[in-house]
Every structure is written in structure tokens, then in C-alpha cells.
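Below is data06.pdb, holding PDB, C-alpha atoms.
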```pdb
MODEL        1
ATOM      1  CA  MET U   1     -19.613  38.752 -39.555
ATOM      2  CA  PHE U   2     -18.434  36.600 -36.633
ATOM      3  CA  ASP U   3     -20.838  37.172 -33.762
ATOM      4  CA  ALA U   4     -18.904  37.166 -30.482
ATOM      5  CA  GLN U   5     -22.134  36.948 -28.490
ATOM      6  CA  ARG U   6     -23.243  33.932 -30.484
ATOM      7  CA  TYR U   7     -19.872  32.169 -30.419
ATOM      8  CA  PRO U   8     -17.830  33.407 -27.443
ATOM      9  CA  LEU U   9     -14.158  33.012 -28.371
ATOM     10  CA  LYS U  10     -13.329  31.262 -25.111
ATOM     11  CA  THR U  11     -15.598  28.379 -26.164
ATOM     12  CA  ILE U  12     -13.735  27.807 -29.452
ATOM     13  CA  ASP U  13     -10.844  25.356 -29.174
ATOM     14  CA  ASP U  14      -9.362  25.897 -32.645
ATOM     15  CA  LEU U  15     -10.031  29.370 -34.026
ATOM     16  CA  LYS U  16      -8.346  28.682 -37.360
ATOM     17  CA  GLN U  17     -10.485  25.587 -37.972
ATOM     18  CA  PHE U  18     -13.591  27.436 -36.802
ATOM     19  CA  ILE U  19     -12.941  30.160 -39.404
ATOM     20  CA  VAL U  20     -12.395  27.542 -42.124
ATOM     21  CA  GLU U  21     -15.724  25.910 -41.243
ATOM     22  CA  ALA U  22     -17.515  29.265 -41.024
ATOM     23  CA  ARG U  23     -16.243  30.240 -44.488
ATOM     24  CA  ALA U  24     -17.597  26.993 -45.908
ATOM     25  CA  LYS U  25     -21.082  27.872 -44.631
ATOM     26  CA  LEU U  26     -21.155  31.627 -45.276
ATOM     27  CA  PRO U  27     -21.620  33.455 -48.564
ATOM     28  CA  PHE U  28     -18.342  34.705 -50.039
ATOM     29  CA  THR U  29     -19.428  38.283 -49.337
ATOM     30  CA  CYS U  30     -19.504  37.741 -45.563
ATOM     31  CA  LYS U  31     -16.630  39.018 -43.497
ATOM     32  CA  ILE U  32     -15.412  37.394 -40.302
ATOM     33  CA  GLU U  33     -14.558  39.865 -37.563
ATOM     34  CA  ILE U  34     -12.721  38.843 -34.418
ATOM     35  CA  GLU U  35     -12.819  41.034 -31.313
ATOM     36  CA  CYS U  36      -9.381  41.217 -29.690
ATOM     37  CA  GLU U  37      -8.392  42.772 -26.383
ATOM     38  CA  ASP U  38      -4.609  42.622 -26.721
ATOM     39  CA  VAL U  39      -1.849  42.762 -29.331
ATOM     40  CA  GLU U  40      -1.003  39.053 -29.227
ATOM     41  CA  PHE U  41      -4.572  37.947 -29.795
ATOM     42  CA  ALA U  42      -4.949  40.450 -32.647
ATOM     43  CA  LYS U  43      -1.887  38.894 -34.324
ATOM     44  CA  PHE U  44      -3.302  35.413 -33.717
ATOM     45  CA  ALA U  45      -6.683  36.393 -35.219
ATOM     46  CA  MET U  46      -4.939  37.576 -38.394
ATOM     47  CA  GLN U  47      -2.909  34.356 -38.571
ATOM     48  CA  CYS U  48      -6.150  32.357 -38.265
ATOM     49  CA  GLY U  49      -7.747  34.126 -41.216
ATOM     50  CA  ALA U  50      -9.910  36.922 -39.810
ATOM     51  CA  ASP U  51     -11.052  39.501 -42.358
ATOM     52  CA  ILE U  52     -11.500  42.214 -39.751
ATOM     53  CA  VAL U  53      -9.792  42.552 -36.383
ATOM     54  CA  MET U  54     -11.501  44.727 -33.801
ATOM     55  CA  CYS U  55      -8.965  46.171 -31.372
ATOM     56  CA  ASP U  56     -11.250  46.495 -28.367
ATOM     57  CA  ASN U  57     -10.244  48.652 -25.404
ATOM     58  CA  MET U  58      -6.607  48.778 -26.522
ATOM     59  CA  SER U  59      -4.437  51.830 -26.030
ATOM     60  CA  HIS U  60      -3.531  53.751 -29.150
ATOM     61  CA  GLU U  61       0.085  52.632 -28.607
ATOM     62  CA  ASP U  62      -0.973  48.971 -28.713
ATOM     63  CA  ILE U  63      -3.084  49.601 -31.788
ATOM     64  CA  LYS U  64      -0.063  51.134 -33.548
ATOM     65  CA  THR U  65       1.751  47.843 -32.892
ATOM     66  CA  VAL U  66      -1.166  45.887 -34.380
ATOM     67  CA  VAL U  67      -1.261  48.200 -37.426
ATOM     68  CA  THR U  68       2.473  47.702 -38.040
ATOM     69  CA  TYR U  69       2.121  43.915 -37.814
ATOM     70  CA  LYS U  70      -0.895  43.964 -40.138
ATOM     71  CA  ASN U  71       0.890  46.127 -42.705
ATOM     72  CA  GLU U  72       3.924  43.821 -42.701
ATOM     73  CA  HIS U  73       2.116  40.467 -42.752
ATOM     74  CA  PHE U  74      -1.632  40.765 -43.515
ATOM     75  CA  SER U  75      -2.231  43.965 -45.474
ATOM     76  CA  HIS U  76      -5.654  42.714 -46.657
ATOM     77  CA  VAL U  77      -7.051  42.564 -43.110
ATOM     78  CA  LEU U  78      -9.134  45.515 -41.942
ATOM     79  CA  LEU U  79      -8.556  46.945 -38.464
ATOM     80  CA  GLU U  80     -11.208  48.570 -36.305
ATOM     81  CA  ALA U  81     -10.525  50.498 -33.099
ATOM     82  CA  SER U  82     -13.295  50.296 -30.530
ATOM     83  CA  GLY U  83     -13.885  50.814 -26.835
ATOM     84  CA  ASN U  84     -13.269  53.880 -24.691
ATOM     85  CA  ILE U  85     -12.958  56.107 -27.740
ATOM     86  CA  THR U  86     -14.285  59.567 -27.054
ATOM     87  CA  GLN U  87     -14.374  62.950 -28.704
ATOM     88  CA  GLN U  88     -11.290  63.839 -26.639
ATOM     89  CA  ASN U  89      -9.087  60.940 -27.850
ATOM     90  CA  ILE U  90     -10.471  60.009 -31.274
ATOM     91  CA  ILE U  91      -7.718  61.912 -33.116
ATOM     92  CA  GLU U  92      -5.034  59.791 -31.414
ATOM     93  CA  TYR U  93      -6.830  56.630 -32.523
ATOM     94  CA  ALA U  94      -7.265  57.963 -36.059
ATOM     95  CA  LYS U  95      -3.502  58.585 -36.252
ATOM     96  CA  THR U  96      -2.780  54.887 -35.569
ATOM     97  CA  GLY U  97      -3.703  53.895 -39.122
ATOM     98  CA  VAL U  98      -6.777  51.769 -38.411
ATOM     99  CA  ASP U  99      -9.365  51.387 -41.148
ATOM    100  CA  ALA U 100     -12.384  52.145 -38.954
ATOM    101  CA  ILE U 101     -13.211  53.592 -35.553
ATOM    102  CA  SER U 102     -16.312  52.728 -33.529
ATOM    103  CA  SER U 103     -17.317  55.008 -30.700
ATOM    104  CA  GLY U 104     -20.370  54.393 -28.609
ATOM    105  CA  SER U 105     -19.728  57.559 -26.604
ATOM    106  CA  LEU U 106     -21.393  59.561 -29.352
ATOM    107  CA  ILE U 107     -24.729  57.940 -28.568
ATOM    108  CA  HIS U 108     -24.224  56.965 -24.915
ATOM    109  CA  GLN U 109     -23.918  60.615 -23.909
ATOM    110  CA  ALA U 110     -26.462  61.977 -26.373
ATOM    111  CA  VAL U 111     -29.641  63.712 -25.320
ATOM    112  CA  TRP U 112     -32.566  62.207 -27.191
ATOM    113  CA  LEU U 113     -35.757  63.931 -28.173
ATOM    114  CA  ASP U 114     -38.937  62.024 -27.506
ATOM    115  CA  PHE U 115     -41.509  62.838 -30.137
ATOM    116  CA  SER U 116     -44.023  61.126 -32.319
ATOM    117  CA  MET U 117     -45.572  61.949 -35.624
ATOM    118  CA  LYS U 118     -49.283  61.404 -36.002
ATOM    119  CA  ILE U 119     -50.778  61.368 -39.435
ATOM    120  CA  ILE U 120     -54.434  62.224 -39.741
ATOM    121  CA  HIS U 121     -56.106  61.021 -42.888
ATOM    122  CA  LYS U 122     -58.767  63.239 -44.438
ATOM    123  CA  THR U 123     -61.330  61.847 -46.759
ATOM    124  CA  VAL U 124     -61.570  63.912 -49.899
ATOM    125  CA  LEU U 125     -64.970  63.922 -51.567
TER     126      LEU U 125
ENDMDL
END
```
Show how you would write the structure in this file as C-alpha cells.
Amino acid sequence: MFDAQRYPLKTIDDLKQFIVEARAKLPFTCKIEIECEDVEFAKFAMQCGADIVMCDNMSHEDIKTVVTYKNEHFSHVLLEASGNITQQNIIEYAKTGVDAISSGSLIHQAVWLDFSMKIIHKTVL
């Protein structure tokens, strides 16, 4: 998977060439995912050869536009909705037609239990 923290997109001059070079170095089973914050960049990522396009912090209306474009031009690309997706709006995002939804709100707002498990070994004679 393309690691945005490792290769920030703003530091890449030619995304299409970068993807070509990455594919040459990665096993064929690896997928390249590009994080996109607007419709135009999502279209560009598909044109450059991304396997997965993450629609990050986009409205569900914008994601519908990306889904339509994908279905018409790049049906093999997977789309992921991410960012600001909550229990209250997840249904709207699911209705857009994306392939996957990531929601950090499920764990960001969770209450965690703090416990440990100690195992005491007994010697059997």
C-alpha cells in the first residue's frame, strides 16, 4: 500500500511515474492506495494507476461524483470513504457506492477497559 506518511504526495512531482516505479519494486499482490481530499485529485489518482482511492474528508455528495466517475472509467479501482464518518452519518456514506468505509470515531470515542491477565504456574509433582 502507498504510505502517505512515508511519501507525502506533495513531494512527488510525477505521480503516474512514481506508481510505475513503485509497481516495479513491489510484489504483484501489493495495492497502491492514494489518499485524496477532493474530487479532481481522486480522478487524477485513478488516471495515474491507483488501485485504491481513499476519499478523505469528502462530503457524501462529492464521493457520489467520484463513484460515478470510477464506474464509468475505472471500474477495477476500489474506493474507500474516510474522515469525519460517524455513527450518525455512516448510512449516507454507505449509500454512495464506495467499496469500504473507515471510521475512527468508533475507537476515538470508545471507553477502554484497563485490565491485565496474570498467569500463575503451578508445579505438579
Interatomic distance (Å, one decimal) between atom CA of Ala50 of chain U and atom CA of Thr86 of chain U
26.4 Å
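Atom CA of Ala45 of chain U lies 16.1 Å from atom CA of Ser82 of chain U.
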Distance query Thr68 of chain U at most 12 Å, all atoms listed in the file, self and fewer than 4 positions along chain excluded, as a list in words:
Val39, Ala42, Lys43, Glu61, Asp62, Ile63, Lys64, Glu72, His73, Phe74, Ser75, Val77, Leu79, Thr96, Gly97 and Val98 of chain U
Given the choices U:Ala100, U:Val67, U:Ile120, U:Val111, which gets closest to Ile85 of chain U if the distance is worked out from only C-alpha atoms?
U:Ala100
Just the number, please: distance in Å from atom CA of Ile101 of chain U to atom CA of Asp51 of chain U, one decimal.
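Those two atoms sit 15.8 Å apart.
Each of U:Asp14, U:Glu37, U:Asp99, U:Asp56 was compared to Asn84 of chain U using only C-alpha atoms, and U:Asp56 turns out to be the nearest.
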Contacts of Leu15 of chain U at 10 Å (only C-alpha atoms; same-chain gap of 6+ positions) as a PyMOL selection string:
chain U and resi 9+21+34+44-45+47-50
Restricting the calculation to only C-alpha atoms, which member of U:Ile119, U:Cys55, U:Ala81, U:Ile32 is positioned closest to Ile19 of chain U?
U:Ile32
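Shortest atom-to-atom contact with Glu35 of chain U among U:Asn71, U:Ser59, U:Tyr93, U:Gly83: U:Gly83, counting all atoms listed in the file.
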Can you spell out as a PyMOL selection string the set of residues that the PyMOL selection byres ((chain U and resi 22) around 12) selects in the structure I just provided?
chain U and resi 1-3+7+15-21+23-28+30-33+49-50
Give the padded box for segment 51-58 of chain U as AutoDock Vina command-line options: axis-aligned, covering all atoms listed in the file, 6 Å on each side, centre and edge lengths in Å to one decimal.
```
--center_x -9.1 --center_y 44.1 --center_z -33.9 --size_x 16.9 --size_y 21.3 --size_z 29.0
```
